[in-house]
Every structure is written in structure tokens, then in C-alpha cells.
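**Q** This one is query30.cif, mmCIF, C-alpha atoms and all ligand atoms.
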data_work
#
loop_
_atom_site.label_atom_id
_atom_site.label_comp_id
_atom_site.auth_asym_id
_atom_site.auth_seq_id
_atom_site.Cartn_x
_atom_site.Cartn_y
_atom_site.Cartn_z
CA MET A 484 4.46 -6.42 -8.65
CA THR A 485 2.00 -5.83 -5.88
CA ASN A 486 1.48 -2.17 -5.25
CA GLU A 487 -1.75 -2.18 -3.46
CA HIS A 488 -2.53 -5.22 -1.45
CA GLU A 489 -6.24 -4.76 -1.56
CA SER A 490 -5.99 -6.67 -4.83
CA VAL A 491 -3.56 -9.40 -3.88
CA GLU A 492 -5.09 -12.83 -3.63
CA THR A 493 -3.48 -15.92 -2.29
CA PRO A 494 -5.41 -19.05 -3.25
CA ASN A 495 -6.74 -20.11 0.11
CA PRO A 496 -10.25 -21.53 0.07
CA GLU A 497 -10.47 -21.18 3.82
CA SER A 498 -9.44 -17.54 3.72
CA GLN A 499 -10.79 -15.63 6.68
CA GLU A 500 -9.94 -12.21 5.22
CA GLY A 501 -11.60 -9.51 7.20
CA ARG A 502 -12.20 -11.47 10.37
CA PHE A 503 -9.12 -10.07 12.04
CA ALA A 504 -9.40 -6.39 11.24
CA GLU A 505 -12.51 -5.42 13.12
CA GLY A 506 -10.54 -3.06 15.35
CA LEU A 507 -8.64 -1.27 12.55
CA GLN A 508 -10.08 2.25 12.47
CA TYR A 509 -8.87 5.33 10.61
CA PRO A 510 -5.93 6.86 12.51
CA ASP A 511 -7.06 9.62 14.87
CA PRO A 512 -5.33 12.01 14.90
CA SER A 513 -4.44 11.48 11.25
CA LEU A 514 -0.85 10.53 10.42
CA ARG A 515 1.55 13.33 9.51
CA ASP A 516 5.31 13.85 9.20
CA GLY A 517 5.92 17.46 8.22
CA SER A 518 4.65 17.88 4.66
CA ILE A 519 3.68 14.19 4.29
CA ALA A 520 0.31 12.97 5.53
CA LEU A 521 -2.00 9.97 5.21
CA ARG A 522 -5.74 10.50 5.18
CA ARG A 523 -9.04 8.90 4.18
CA TRP A 524 -9.74 8.97 0.44
CA GLU A 525 -12.02 11.81 -0.75
CA HIS A 526 -14.17 12.34 -3.85
CA GLY A 527 -11.73 15.17 -4.68
CA ASP A 528 -9.00 12.56 -5.27
CA LEU A 529 -10.37 11.69 -8.72
CA PRO A 530 -7.52 13.57 -10.49
CA LEU A 531 -5.00 11.37 -8.63
CA VAL A 532 -6.88 8.22 -9.64
CA GLU A 533 -6.93 9.42 -13.27
CA GLU A 534 -3.21 10.20 -13.21
CA ALA A 535 -2.33 6.87 -11.61
CA SER A 536 -4.51 5.03 -14.12
CA THR A 537 -2.23 6.16 -16.95
CA ASP A 538 0.78 4.42 -15.36
CA ARG A 539 1.12 0.85 -16.62
CA LEU A 540 3.42 0.04 -13.72
CA LEU A 541 0.63 0.81 -11.26
CA LEU A 542 -2.10 -0.96 -13.21
CA GLU A 543 -0.32 -4.28 -12.86
CA GLY A 544 -0.87 -4.91 -9.18
CA THR A 545 -3.82 -2.72 -8.26
CA THR A 546 -7.52 -2.25 -8.96
CA LEU A 547 -6.91 1.13 -10.60
CA PRO A 548 -9.15 1.41 -13.69
CA GLY A 549 -7.38 0.37 -16.88
CA GLU A 550 -9.53 2.79 -18.84
CA TYR A 551 -10.27 5.83 -16.73
CA ASN A 552 -13.61 7.61 -16.62
CA SER A 553 -15.17 9.43 -13.68
CA ARG A 554 -17.44 6.51 -12.82
CA ALA A 555 -14.53 4.05 -12.74
CA GLY A 556 -12.58 6.58 -10.68
CA ARG A 557 -15.39 6.94 -8.15
CA GLU A 558 -15.69 3.17 -7.93
CA PHE A 559 -11.96 2.93 -7.18
CA ILE A 560 -12.36 5.45 -4.34
CA GLU A 561 -15.40 3.56 -3.03
CA ARG A 562 -13.35 0.34 -3.02
CA GLN A 563 -10.80 2.11 -0.83
CA TRP A 564 -13.54 3.14 1.63
CA SER A 565 -14.96 -0.39 1.57
CA ARG A 566 -11.79 -1.76 3.17
CA HIS A 567 -12.66 0.07 6.37
CA ALA A 568 -16.42 -0.33 6.01
CA GLU A 569 -16.14 -4.10 5.54
CA GLY A 570 -13.50 -4.48 8.24
CA THR A 571 -10.84 -5.95 5.96
CA GLY A 572 -8.27 -3.21 6.55
CA LEU A 573 -7.57 0.39 5.57
CA SER A 574 -6.65 2.31 2.46
CA LEU A 575 -5.29 5.83 2.84
CA ALA A 576 -4.33 8.52 0.37
CA ILE A 577 -0.75 9.81 0.69
CA THR A 578 -0.47 13.61 0.46
CA SER A 579 2.56 15.85 0.04
CA ASP A 580 1.97 19.51 0.95
CA GLY A 581 -1.75 18.70 0.76
CA ASP A 582 -1.49 17.33 -2.78
CA ALA A 583 -2.72 13.71 -3.11
CA VAL A 584 0.14 11.72 -4.68
CA GLY A 585 -0.34 8.08 -3.76
CA CYS A 586 -1.90 5.29 -1.77
CA ALA A 587 -0.96 3.12 1.21
CA THR A 588 -2.97 0.12 2.34
CA LEU A 589 -3.05 -2.34 5.21
CA ILE A 590 -5.09 -5.48 4.68
CA VAL A 591 -5.51 -8.02 7.46
CA ARG A 592 -5.90 -11.52 6.03
CA ARG A 593 -4.38 -13.52 8.87
CA PRO A 594 -4.38 -13.20 12.64
CA SER A 595 -1.90 -10.58 13.92
CA THR A 596 -0.38 -9.68 10.54
CA ALA A 597 -1.24 -6.76 8.24
CA ASP A 598 -0.22 -6.84 4.56
CA LEU A 599 1.17 -3.52 3.34
CA GLY A 600 0.86 -2.01 -0.12
CA TYR A 601 1.82 1.42 -1.48
CA TRP A 602 2.32 3.42 -4.63
CA LEU A 603 3.12 6.96 -5.69
CA VAL A 604 2.39 8.60 -9.01
CA GLU A 605 5.57 8.98 -11.03
CA ARG A 606 6.07 12.73 -10.40
CA ALA A 607 6.13 12.08 -6.63
CA ARG A 608 8.79 9.34 -6.71
CA GLY A 609 12.46 9.72 -6.01
CA GLY A 610 12.26 12.08 -3.05
CA GLY A 611 11.67 9.68 -0.18
CA THR A 612 7.94 10.45 0.09
CA GLY A 613 7.02 6.77 -0.04
CA GLY A 614 9.39 5.88 2.78
CA ARG A 615 8.08 8.61 5.06
CA ALA A 616 4.47 7.61 4.39
CA VAL A 617 5.17 3.90 4.93
CA GLN A 618 7.07 4.59 8.15
CA LEU A 619 4.13 6.59 9.53
CA LEU A 620 1.63 3.89 8.63
CA VAL A 621 3.68 0.91 9.82
CA GLU A 622 4.58 2.47 13.17
CA TRP A 623 0.92 3.29 13.71
CA ALA A 624 -0.16 -0.22 12.65
CA LEU A 625 2.23 -1.87 15.09
CA ARG A 626 0.64 0.12 17.93
CA GLN A 627 -2.83 -1.24 17.12
CA PRO A 628 -4.21 -4.06 19.26
CA GLY A 629 -4.12 -7.38 17.44
CA ILE A 630 -1.40 -6.36 14.94
CA ASP A 631 1.98 -7.89 15.76
CA ALA A 632 3.66 -7.66 12.35
CA VAL A 633 3.40 -5.98 8.95
CA GLU A 634 4.44 -7.79 5.76
CA ALA A 635 5.10 -6.51 2.26
CA PHE A 636 5.59 -8.46 -0.98
CA VAL A 637 8.03 -7.18 -3.57
CA ALA A 638 9.22 -8.31 -7.00
CA ASP A 639 12.95 -9.06 -7.34
CA GLU A 640 13.42 -6.20 -9.80
CA ASN A 641 11.67 -3.54 -7.68
CA VAL A 642 14.80 -2.12 -6.08
CA PRO A 643 13.24 1.20 -4.94
CA SER A 644 10.57 -0.67 -3.00
CA GLN A 645 13.11 -3.05 -1.43
CA LYS A 646 15.28 -0.11 -0.35
CA LEU A 647 12.26 1.70 1.02
CA LEU A 648 11.33 -1.28 3.18
CA GLU A 649 14.88 -1.79 4.42
CA HIS A 650 15.11 1.92 5.33
CA VAL A 651 11.99 1.62 7.48
CA GLY A 652 13.11 -1.46 9.38
CA PHE A 653 11.72 -4.41 7.39
CA GLU A 654 13.71 -7.62 7.02
CA ARG A 655 13.64 -10.35 4.39
CA HIS A 656 11.31 -13.17 5.37
CA GLY A 657 11.42 -15.69 2.53
CA ARG A 658 9.29 -15.74 -0.60
CA GLN A 659 5.64 -16.21 -1.40
CA ARG A 660 3.65 -16.87 -4.54
CA HIS A 661 0.95 -14.31 -5.36
CA GLN A 662 -1.78 -14.55 -7.94
CA VAL A 663 -3.48 -11.29 -8.90
CA ASN A 664 -5.72 -11.03 -11.93
CA ASN A 665 -3.57 -12.44 -14.75
CA LEU A 666 -0.32 -12.12 -12.78
CA ASP A 667 1.29 -15.05 -11.04
CA GLU A 668 4.47 -14.02 -9.25
CA ASP A 669 6.96 -15.39 -6.78
CA LEU A 670 7.69 -12.39 -4.55
CA ARG A 671 10.11 -11.48 -1.79
CA VAL A 672 8.42 -11.21 1.59
CA TYR A 673 9.56 -8.40 3.90
CA ARG A 674 8.44 -8.32 7.51
CA ARG A 675 8.59 -5.89 10.41
CA GLY A 676 7.37 -6.90 13.84
CA LYS A 677 6.74 -5.00 17.05
CA ALA A 678 9.98 -3.65 18.54
C1 LIG B 701 8.22 2.18 -4.33
C2 LIG B 701 7.99 3.69 -4.30
C3 LIG B 701 6.75 3.99 -3.48
C4 LIG B 701 9.22 4.34 -3.65
O1 LIG B 701 9.09 5.73 -3.75
P1 LIG B 701 9.98 6.80 -2.92
O2 LIG B 701 9.69 6.79 -1.50
O3 LIG B 701 9.85 8.09 -3.61
O4 LIG B 701 11.39 6.19 -2.97
P2 LIG B 701 12.61 6.71 -3.81
O5 LIG B 701 12.22 6.80 -5.24
O6 LIG B 701 13.10 7.93 -3.12
O7 LIG B 701 13.65 5.51 -3.74
C5 LIG B 701 13.80 4.67 -2.64
C6 LIG B 701 15.21 4.15 -2.70
O8 LIG B 701 15.41 3.43 -3.92
C7 LIG B 701 16.51 4.00 -4.64
N1 LIG B 701 16.22 3.87 -6.08
C8 LIG B 701 15.28 4.54 -6.77
N2 LIG B 701 15.29 4.11 -8.06
C9 LIG B 701 16.25 3.14 -8.15
C10 LIG B 701 16.72 2.31 -9.20
N3 LIG B 701 16.18 2.36 -10.42
N4 LIG B 701 17.73 1.44 -8.93
C11 LIG B 701 18.27 1.37 -7.68
N5 LIG B 701 17.84 2.13 -6.64
C12 LIG B 701 16.84 2.99 -6.88
C13 LIG B 701 16.61 5.42 -4.17
O9 LIG B 701 17.91 5.96 -4.33
C14 LIG B 701 16.24 5.25 -2.70
O10 LIG B 701 17.31 4.72 -1.98
P3 LIG B 701 18.17 5.61 -0.97
O11 LIG B 701 17.14 6.20 -0.02
O12 LIG B 701 19.09 4.63 -0.33
O13 LIG B 701 18.81 6.64 -1.81
C15 LIG B 701 7.81 4.27 -5.72
O14 LIG B 701 8.96 3.97 -6.47
C16 LIG B 701 6.59 3.72 -6.45
O15 LIG B 701 5.47 4.18 -6.27
N6 LIG B 701 6.83 2.73 -7.35
C17 LIG B 701 5.76 2.13 -8.13
C18 LIG B 701 4.80 1.32 -7.27
C19 LIG B 701 5.52 0.27 -6.46
O16 LIG B 701 6.48 -0.31 -6.91
N7 LIG B 701 5.00 0.04 -5.24
C20 LIG B 701 5.55 -0.94 -4.32
C21 LIG B 701 5.17 -2.33 -4.73
S1 LIG B 701 5.90 -3.55 -3.65
#
Here is a file; write its structure as C-alpha cells.
**A**
Amino acid sequence: MTNEHESVETPNPESQEGRFAEGLQYPDPSLRDGSIALRRWEHGDLPLVEEASTDRLLLEGTTLPGEYNSRAGREFIERQWSRHAEGTGLSLAITSDGDAVGCATLIVRRPSTADLGYWLVERARGGGTGGRAVQLLVEWALRQPGIDAVEAFVADENVPSQKLLEHVGFERHGRQRHQVNNLDEDLRVYRRGKA
């Protein structure tokens, strides 16, 4: 499971992560589709981080704190900001009617390709929120100079995520091994390129 690709590591000693994302700035105007929006993380998102940290499913593939406290929560939010500050990509909070309910990330590890990650807290799942948020972010990403494709990596058993990606125009693109923390998984690769 890889929910949030800020934490995904492929063992590549010559990794040039970050060298390709210098132009990736926060979307301006910010991304919105009716009640769904994507915005920069805020200190006020600590309750979302705390809620997400209680979900074992989300802990597996992210850097969410395993044992929440406000310091660990702030550090999580600072890690999200650091993606933009360090030029490695972007992490955005997903909101529904202004309520922060999840996370969507784009990390640029290779020339021209952004790796996508996303998660929603459990109460926000099942209503298509993730699909709308991912569609907004991916369509924006594919309009950015230097980004020709977006890829996502999904476990075989994660049917909701596979359906989400297929609904927003991704296609199967083989498999790839991912090592994250103590996880070592062979994942489906989904890819969407410029139209
Ligand atoms: C993946 C995720 C963001 C999708 O959330 P969402 O946008 O609310 O999507 P939904 O729950 O509405 O479901 C998406 C599709 O999967 C289907 N689905 C949901 N649960 C399912 C299940 N257990 N079995 C089969 N299909 C399922 C839904 O019916 C929907 O398909 P449809 O639009 O054709 O009806 C959310 O499930 C999540 O946060 N999961 C945990 C984190 C995660 O897995 N992130 C992605 C890692 S690659």
C-alpha cells in the first residue's frame, strides 16, 4: 500500500529526486470542484493528522505519526510543506465543504513524471471525494511545464484505489517493486499522460 508517495522509496543510489520539480509551485488559483478543494497544509489541520494517525491502513504507506501527539502532528505538516520548499514536489490537503479530510501528493523523482499519492480519512470515503480531488490535481499537473505523465502505485487488493484511477483516465502500466519502511511490495503501476 502506498498512500502518500512522499514516503515511497525505490532503491536507486543515483536517485535525482527533487532535481526535476523546481517549477512545481502551489496551484494558483487553488484547485476546486464544487465542494471539493485542494490547498496548502495549515497548522489548523492537526485534527485531521490526529484522526488519520489512528487508521492502521493509512499508517502503512505514509509518514503519519504512529503515536500521535501535537509535536509529531506539526512535524507531519512541516514535512508536507518541505516537499514544496525543497523542490521535490507538492503535498496538498483535500477539503470537502471546507473540512480537511485527506491528502494528495505529487512527487517528481524522474524527468517528466510525477508520482501520485492520496488518502482520505475513513469517514470521507465512499462518496467519490478521492476521485474528484485526484482528477483536479492530475489535470493541473499535466498542464505544468516539464510534467508529461503522472503515475500511481497500487496494491492488488486495493480495489477502491484502482477504480478511482480508472475513473480518472489512468491505465495499467506494468508493475513495480516498492520498499517503504518495513514494507516491500510489488505494486500495480497506473499511468496517465498528457492528452
Ligand atoms: C482510495 C480512496 C482515496 C478512494 O476514496 P473515494 O474517492 O471516496 O472512492 P470511493 O470509496 O467512492 O470508491 C471508489 C470506487 O471503488 C469502489 N469500491 C469502494 N470499496 C470497494 C470494495 N471494497 N470493493 C470493490 N469496490 C469498492 C466504489 O464503488 C467506487 O467505484 P464506482 O465509482 O465505480 O462505484 C479511499 O478509499 C482511501 O483513502 N483509501 C485508503 C488510502 C488508500 O488506499 N490510498 C490509495 C493508495 S494507492
**Q** How close does chain A get to ligand LIG 701 (chain B)? List, as a tab-separated table, each residue of chain A within 8 Å, its nearest atom pair and the distance in Å to one decimal, counting only C-alpha atoms and all ligand atoms.
**A**
residue	atom	partner	partner_atom	distance
A:Met484	CA	B:LIG701	C21	5.7
A:Thr485	CA	B:LIG701	C21	4.9
A:Asn486	CA	B:LIG701	C21	3.7
A:Glu487	CA	B:LIG701	C21	7.0
A:Leu540	CA	B:LIG701	C17	6.4
A:Leu541	CA	B:LIG701	C18	5.8
A:Gly544	CA	B:LIG701	C21	7.9
A:Gly585	CA	B:LIG701	O15	7.4
A:Gly600	CA	B:LIG701	C21	6.3
A:Tyr601	CA	B:LIG701	N7	5.1
A:Trp602	CA	B:LIG701	O15	3.6
A:Leu603	CA	B:LIG701	O15	3.7
A:Val604	CA	B:LIG701	O15	6.0
A:Glu605	CA	B:LIG701	O15	6.8
A:Ala607	CA	B:LIG701	O3	6.2
A:Arg608	CA	B:LIG701	O3	3.5
A:Gly609	CA	B:LIG701	O5	3.0
A:Gly610	CA	B:LIG701	O6	4.2
A:Gly611	CA	B:LIG701	O6	3.7
A:Thr612	CA	B:LIG701	O2	4.4
A:Gly613	CA	B:LIG701	O2	3.0
A:Gly614	CA	B:LIG701	O2	4.4
A:Arg615	CA	B:LIG701	O2	7.0
A:Ala616	CA	B:LIG701	O2	7.9
A:Ala635	CA	B:LIG701	S1	6.7
A:Phe636	CA	B:LIG701	S1	5.6
A:Val637	CA	B:LIG701	S1	4.2
A:Ala638	CA	B:LIG701	S1	6.7
A:Asn641	CA	B:LIG701	O16	6.2
A:Val642	CA	B:LIG701	C11	5.2
A:Pro643	CA	B:LIG701	O8	3.3
A:Ser644	CA	B:LIG701	C1	3.9
A:Gln645	CA	B:LIG701	O8	7.3
A:Lys646	CA	B:LIG701	C6	4.9
A:Leu647	CA	B:LIG701	C5	5.0
A:His650	CA	B:LIG701	O11	7.1
**Q** Would you write out those residues with C-alpha atoms, as a PDB file, keeping the file's coordinate frame?
**A**
ATOM      1  CA  MET A 484       4.460  -6.420  -8.650  1.00  0.00           C
ATOM      2  CA  THR A 485       2.000  -5.830  -5.880  1.00  0.00           C
ATOM      3  CA  ASN A 486       1.480  -2.170  -5.250  1.00  0.00           C
ATOM      4  CA  GLU A 487      -1.750  -2.180  -3.460  1.00  0.00           C
ATOM      5  CA  LEU A 540       3.420   0.040 -13.720  1.00  0.00           C
ATOM      6  CA  LEU A 541       0.630   0.810 -11.260  1.00  0.00           C
ATOM      7  CA  GLY A 544      -0.870  -4.910  -9.180  1.00  0.00           C
ATOM      8  CA  GLY A 585      -0.340   8.080  -3.760  1.00  0.00           C
ATOM      9  CA  GLY A 600       0.860  -2.010  -0.120  1.00  0.00           C
ATOM     10  CA  TYR A 601       1.820   1.420  -1.480  1.00  0.00           C
ATOM     11  CA  TRP A 602       2.320   3.420  -4.630  1.00  0.00           C
ATOM     12  CA  LEU A 603       3.120   6.960  -5.690  1.00  0.00           C
ATOM     13  CA  VAL A 604       2.390   8.600  -9.010  1.00  0.00           C
ATOM     14  CA  GLU A 605       5.570   8.980 -11.030  1.00  0.00           C
ATOM     15  CA  ALA A 607       6.130  12.080  -6.630  1.00  0.00           C
ATOM     16  CA  ARG A 608       8.790   9.340  -6.710  1.00  0.00           C
ATOM     17  CA  GLY A 609      12.460   9.720  -6.010  1.00  0.00           C
ATOM     18  CA  GLY A 610      12.260  12.080  -3.050  1.00  0.00           C
ATOM     19  CA  GLY A 611      11.670   9.680  -0.180  1.00  0.00           C
ATOM     20  CA  THR A 612       7.940  10.450   0.090  1.00  0.00           C
ATOM     21  CA  GLY A 613       7.020   6.770  -0.040  1.00  0.00           C
ATOM     22  CA  GLY A 614       9.390   5.880   2.780  1.00  0.00           C
ATOM     23  CA  ARG A 615       8.080   8.610   5.060  1.00  0.00           C
ATOM     24  CA  ALA A 616       4.470   7.610   4.390  1.00  0.00           C
ATOM     25  CA  ALA A 635       5.100  -6.510   2.260  1.00  0.00           C
ATOM     26  CA  PHE A 636       5.590  -8.460  -0.980  1.00  0.00           C
ATOM     27  CA  VAL A 637       8.030  -7.180  -3.570  1.00  0.00           C
ATOM     28  CA  ALA A 638       9.220  -8.310  -7.000  1.00  0.00           C
ATOM     29  CA  ASN A 641      11.670  -3.540  -7.680  1.00  0.00           C
ATOM     30  CA  VAL A 642      14.800  -2.120  -6.080  1.00  0.00           C
ATOM     31  CA  PRO A 643      13.240   1.200  -4.940  1.00  0.00           C
ATOM     32  CA  SER A 644      10.570  -0.670  -3.000  1.00  0.00           C
ATOM     33  CA  GLN A 645      13.110  -3.050  -1.430  1.00  0.00           C
ATOM     34  CA  LYS A 646      15.280  -0.110  -0.350  1.00  0.00           C
ATOM     35  CA  LEU A 647      12.260   1.700   1.020  1.00  0.00           C
ATOM     36  CA  HIS A 650      15.110   1.920   5.330  1.00  0.00           C
TER      37      HIS A 650
END
**Q** What's around Leu625 of chain A at 12 Å? Count all atoms listed in the file, leave out sequence neighbours fewer than 2 positions away in its own chain, and write the answer as a list in words.
**A**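 So, after excluding close chain neighbours, the residues are Leu507, Leu589, Ser595, Thr596, Ala597, Asp598, Leu599, Gln618, Leu619, Leu620, Val621, Glu622, Trp623, Gln627, Pro628, Gly629, Ile630, Asp631, Ala632, Val633, Glu634, Arg674, Arg675, Gly676, Lys677 and Ala678 of chain A.
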**Q** Output C-alpha atoms of each residue in that selection to a file, as a PDB file, in the coordinates of the input.
**A**
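Saved result, result34.pdb, follows:
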ATOM      1  CA  LEU A 507      -8.640  -1.270  12.550  1.00  0.00           C
ATOM      2  CA  LEU A 589      -3.050  -2.340   5.210  1.00  0.00           C
ATOM      3  CA  SER A 595      -1.900 -10.580  13.920  1.00  0.00           C
ATOM      4  CA  THR A 596      -0.380  -9.680  10.540  1.00  0.00           C
ATOM      5  CA  ALA A 597      -1.240  -6.760   8.240  1.00  0.00           C
ATOM      6  CA  ASP A 598      -0.220  -6.840   4.560  1.00  0.00           C
ATOM      7  CA  LEU A 599       1.170  -3.520   3.340  1.00  0.00           C
ATOM      8  CA  GLN A 618       7.070   4.590   8.150  1.00  0.00           C
ATOM      9  CA  LEU A 619       4.130   6.590   9.530  1.00  0.00           C
ATOM     10  CA  LEU A 620       1.630   3.890   8.630  1.00  0.00           C
ATOM     11  CA  VAL A 621       3.680   0.910   9.820  1.00  0.00           C
ATOM     12  CA  GLU A 622       4.580   2.470  13.170  1.00  0.00           C
ATOM     13  CA  TRP A 623       0.920   3.290  13.710  1.00  0.00           C
ATOM     14  CA  GLN A 627      -2.830  -1.240  17.120  1.00  0.00           C
ATOM     15  CA  PRO A 628      -4.210  -4.060  19.260  1.00  0.00           C
ATOM     16  CA  GLY A 629      -4.120  -7.380  17.440  1.00  0.00           C
ATOM     17  CA  ILE A 630      -1.400  -6.360  14.940  1.00  0.00           C
ATOM     18  CA  ASP A 631       1.980  -7.890  15.760  1.00  0.00           C
ATOM     19  CA  ALA A 632       3.660  -7.660  12.350  1.00  0.00           C
ATOM     20  CA  VAL A 633       3.400  -5.980   8.950  1.00  0.00           C
ATOM     21  CA  GLU A 634       4.440  -7.790   5.760  1.00  0.00           C
ATOM     22  CA  ARG A 674       8.440  -8.320   7.510  1.00  0.00           C
ATOM     23  CA  ARG A 675       8.590  -5.890  10.410  1.00  0.00           C
ATOM     24  CA  GLY A 676       7.370  -6.900  13.840  1.00  0.00           C
ATOM     25  CA  LYS A 677       6.740  -5.000  17.050  1.00  0.00           C
ATOM     26  CA  ALA A 678       9.980  -3.650  18.540  1.00  0.00           C
TER      27      ALA A 678
END
**Q** Go ahead and compute the interatomic distance for atom CA of Gly517 of chain A and atom CA of Ala624 of chain A, in Å to one decimal.
**A**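 Taking atom CA of Gly517 of chain A and atom CA of Ala624 of chain A, their separation equals 19.2 Å.
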**Q** Which polymer residues have any atom within 7 Å of an atom of Trp524 of chain A, counting all atoms listed in the file, with same-chain residues fewer than 6 positions away left out, as a list in words?
**A**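 The residues that qualify are Ile560, Leu575 and Ala576 of chain A.
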**Q** Just give me the gap between atom CA of Leu573 of chain A and atom CA of Pro594 of chain A in Å, one decimal is fine.
**A**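 So the two atoms, atom CA of Leu573 of chain A and atom CA of Pro594 of chain A, lie 15.6 Å apart.
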**Q** I'd like the interatomic distance between atom CA of Val672 of chain A and atom CA of Glu649 of chain A, to a tenth of an Å.
**A**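 The value is 11.8 Å.
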**Q** Between A:Glu543, A:Leu529, A:Tyr509, A:Gln662, which one has atoms that come closest to Glu561 of chain A, using all atoms listed in the file?
**A**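 Answer, going by the shortest atom-to-atom distance: A:Leu529.
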**Q** Determine the nearest neighbour of Glu534 of chain A from the options A:Leu521, A:Ala568, A:Val584, A:Val591, counting only C-alpha atoms.
**A** A:Val584
**Q** Residues within 12 Å of Arg557 of chain A, please, as number ranges by chain. Count all atoms listed in the file; anything in the same chain fewer than 5 positions from it doesn't count.
**A** A: 524-533, 547-548, 551-552, 562-564
**Q** Any idea what's packed within 7 Å of Ser579 of chain A, counting all atoms listed in the file, ignoring anything in its chain fewer than 2 positions away? Could you give it as a list of chain:residue names?
**A**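 Close residues of Ser579 of chain A: A:Ser518, A:Ile519, A:Ala520, A:Ile577, A:Gly581, A:Asp582, A:Ala583, A:Val584.
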**Q** Hey, could you patch up segment 636-660 of chain A with N, CA and C atoms and hand it over as a PDB file, in the frame of the given file?
**A**
ATOM      1  N   PHE A 636       5.232  -7.466   0.039  1.00  0.00           N
ATOM      2  CA  PHE A 636       5.590  -8.460  -0.980  1.00  0.00           C
ATOM      3  C   PHE A 636       6.116  -7.707  -2.199  1.00  0.00           C
ATOM      4  N   VAL A 637       7.349  -8.020  -2.592  1.00  0.00           N
ATOM      5  CA  VAL A 637       8.030  -7.180  -3.570  1.00  0.00           C
ATOM      6  C   VAL A 637       8.684  -8.045  -4.652  1.00  0.00           C
ATOM      7  N   ALA A 638       8.567  -7.606  -5.893  1.00  0.00           N
ATOM      8  CA  ALA A 638       9.220  -8.310  -7.000  1.00  0.00           C
ATOM      9  C   ALA A 638      10.739  -8.115  -6.911  1.00  0.00           C
ATOM     10  N   ASP A 639      11.478  -9.123  -7.402  1.00  0.00           N
ATOM     11  CA  ASP A 639      12.950  -9.060  -7.340  1.00  0.00           C
ATOM     12  C   ASP A 639      13.500  -7.791  -7.980  1.00  0.00           C
ATOM     13  N   GLU A 640      12.865  -7.338  -9.061  1.00  0.00           N
ATOM     14  CA  GLU A 640      13.420  -6.200  -9.800  1.00  0.00           C
ATOM     15  C   GLU A 640      13.012  -4.842  -9.222  1.00  0.00           C
ATOM     16  N   ASN A 641      12.148  -4.826  -8.202  1.00  0.00           N
ATOM     17  CA  ASN A 641      11.670  -3.540  -7.680  1.00  0.00           C
ATOM     18  C   ASN A 641      12.610  -3.027  -6.582  1.00  0.00           C
ATOM     19  N   VAL A 642      13.770  -2.555  -7.027  1.00  0.00           N
ATOM     20  CA  VAL A 642      14.800  -2.120  -6.080  1.00  0.00           C
ATOM     21  C   VAL A 642      14.336  -0.930  -5.234  1.00  0.00           C
ATOM     22  N   PRO A 643      13.676   0.092  -5.804  1.00  0.00           N
ATOM     23  CA  PRO A 643      13.240   1.200  -4.940  1.00  0.00           C
ATOM     24  C   PRO A 643      12.361   0.731  -3.789  1.00  0.00           C
ATOM     25  N   SER A 644      11.460  -0.202  -4.061  1.00  0.00           N
ATOM     26  CA  SER A 644      10.570  -0.670  -3.000  1.00  0.00           C
ATOM     27  C   SER A 644      11.337  -1.475  -1.953  1.00  0.00           C
ATOM     28  N   GLN A 645      12.296  -2.285  -2.401  1.00  0.00           N
ATOM     29  CA  GLN A 645      13.110  -3.050  -1.430  1.00  0.00           C
ATOM     30  C   GLN A 645      13.898  -2.095  -0.532  1.00  0.00           C
ATOM     31  N   LYS A 646      14.492  -1.057  -1.156  1.00  0.00           N
ATOM     32  CA  LYS A 646      15.280  -0.110  -0.350  1.00  0.00           C
ATOM     33  C   LYS A 646      14.391   0.631   0.628  1.00  0.00           C
ATOM     34  N   LEU A 647      13.210   1.014   0.138  1.00  0.00           N
ATOM     35  CA  LEU A 647      12.260   1.700   1.020  1.00  0.00           C
ATOM     36  C   LEU A 647      11.994   0.859   2.261  1.00  0.00           C
ATOM     37  N   LEU A 648      11.683  -0.411   2.054  1.00  0.00           N
ATOM     38  CA  LEU A 648      11.330  -1.280   3.180  1.00  0.00           C
ATOM     39  C   LEU A 648      12.516  -1.459   4.130  1.00  0.00           C
ATOM     40  N   GLU A 649      13.709  -1.625   3.552  1.00  0.00           N
ATOM     41  CA  GLU A 649      14.880  -1.790   4.420  1.00  0.00           C
ATOM     42  C   GLU A 649      15.130  -0.525   5.228  1.00  0.00           C
ATOM     43  N   HIS A 650      14.922   0.646   4.605  1.00  0.00           N
ATOM     44  CA  HIS A 650      15.110   1.920   5.330  1.00  0.00           C
ATOM     45  C   HIS A 650      14.143   2.059   6.496  1.00  0.00           C
ATOM     46  N   VAL A 651      12.968   1.451   6.386  1.00  0.00           N
ATOM     47  CA  VAL A 651      11.990   1.620   7.480  1.00  0.00           C
ATOM     48  C   VAL A 651      11.901   0.385   8.366  1.00  0.00           C
ATOM     49  N   GLY A 652      12.968  -0.425   8.349  1.00  0.00           N
ATOM     50  CA  GLY A 652      13.110  -1.460   9.380  1.00  0.00           C
ATOM     51  C   GLY A 652      12.544  -2.821   9.047  1.00  0.00           C
ATOM     52  N   PHE A 653      12.205  -3.065   7.768  1.00  0.00           N
ATOM     53  CA  PHE A 653      11.720  -4.410   7.390  1.00  0.00           C
ATOM     54  C   PHE A 653      12.914  -5.316   7.126  1.00  0.00           C
ATOM     55  N   GLU A 654      12.680  -6.618   7.321  1.00  0.00           N
ATOM     56  CA  GLU A 654      13.710  -7.620   7.020  1.00  0.00           C
ATOM     57  C   GLU A 654      13.157  -8.665   6.081  1.00  0.00           C
ATOM     58  N   ARG A 655      14.057  -9.279   5.310  1.00  0.00           N
ATOM     59  CA  ARG A 655      13.640 -10.350   4.390  1.00  0.00           C
ATOM     60  C   ARG A 655      13.069 -11.522   5.189  1.00  0.00           C
ATOM     61  N   HIS A 656      12.008 -12.102   4.639  1.00  0.00           N
ATOM     62  CA  HIS A 656      11.310 -13.170   5.370  1.00  0.00           C
ATOM     63  C   HIS A 656      10.838 -14.220   4.366  1.00  0.00           C
ATOM     64  N   GLY A 657      11.741 -14.637   3.496  1.00  0.00           N
ATOM     65  CA  GLY A 657      11.420 -15.690   2.530  1.00  0.00           C
ATOM     66  C   GLY A 657      10.699 -15.161   1.298  1.00  0.00           C
ATOM     67  N   ARG A 658       9.982 -16.065   0.645  1.00  0.00           N
ATOM     68  CA  ARG A 658       9.290 -15.740  -0.600  1.00  0.00           C
ATOM     69  C   ARG A 658       7.872 -16.281  -0.536  1.00  0.00           C
ATOM     70  N   GLN A 659       7.015 -15.720  -1.364  1.00  0.00           N
ATOM     71  CA  GLN A 659       5.640 -16.210  -1.400  1.00  0.00           C
ATOM     72  C   GLN A 659       5.064 -15.995  -2.793  1.00  0.00           C
ATOM     73  N   ARG A 660       4.278 -16.968  -3.231  1.00  0.00           N
ATOM     74  CA  ARG A 660       3.650 -16.870  -4.540  1.00  0.00           C
ATOM     75  C   ARG A 660       2.344 -16.069  -4.426  1.00  0.00           C
TER      76      ARG A 660
END
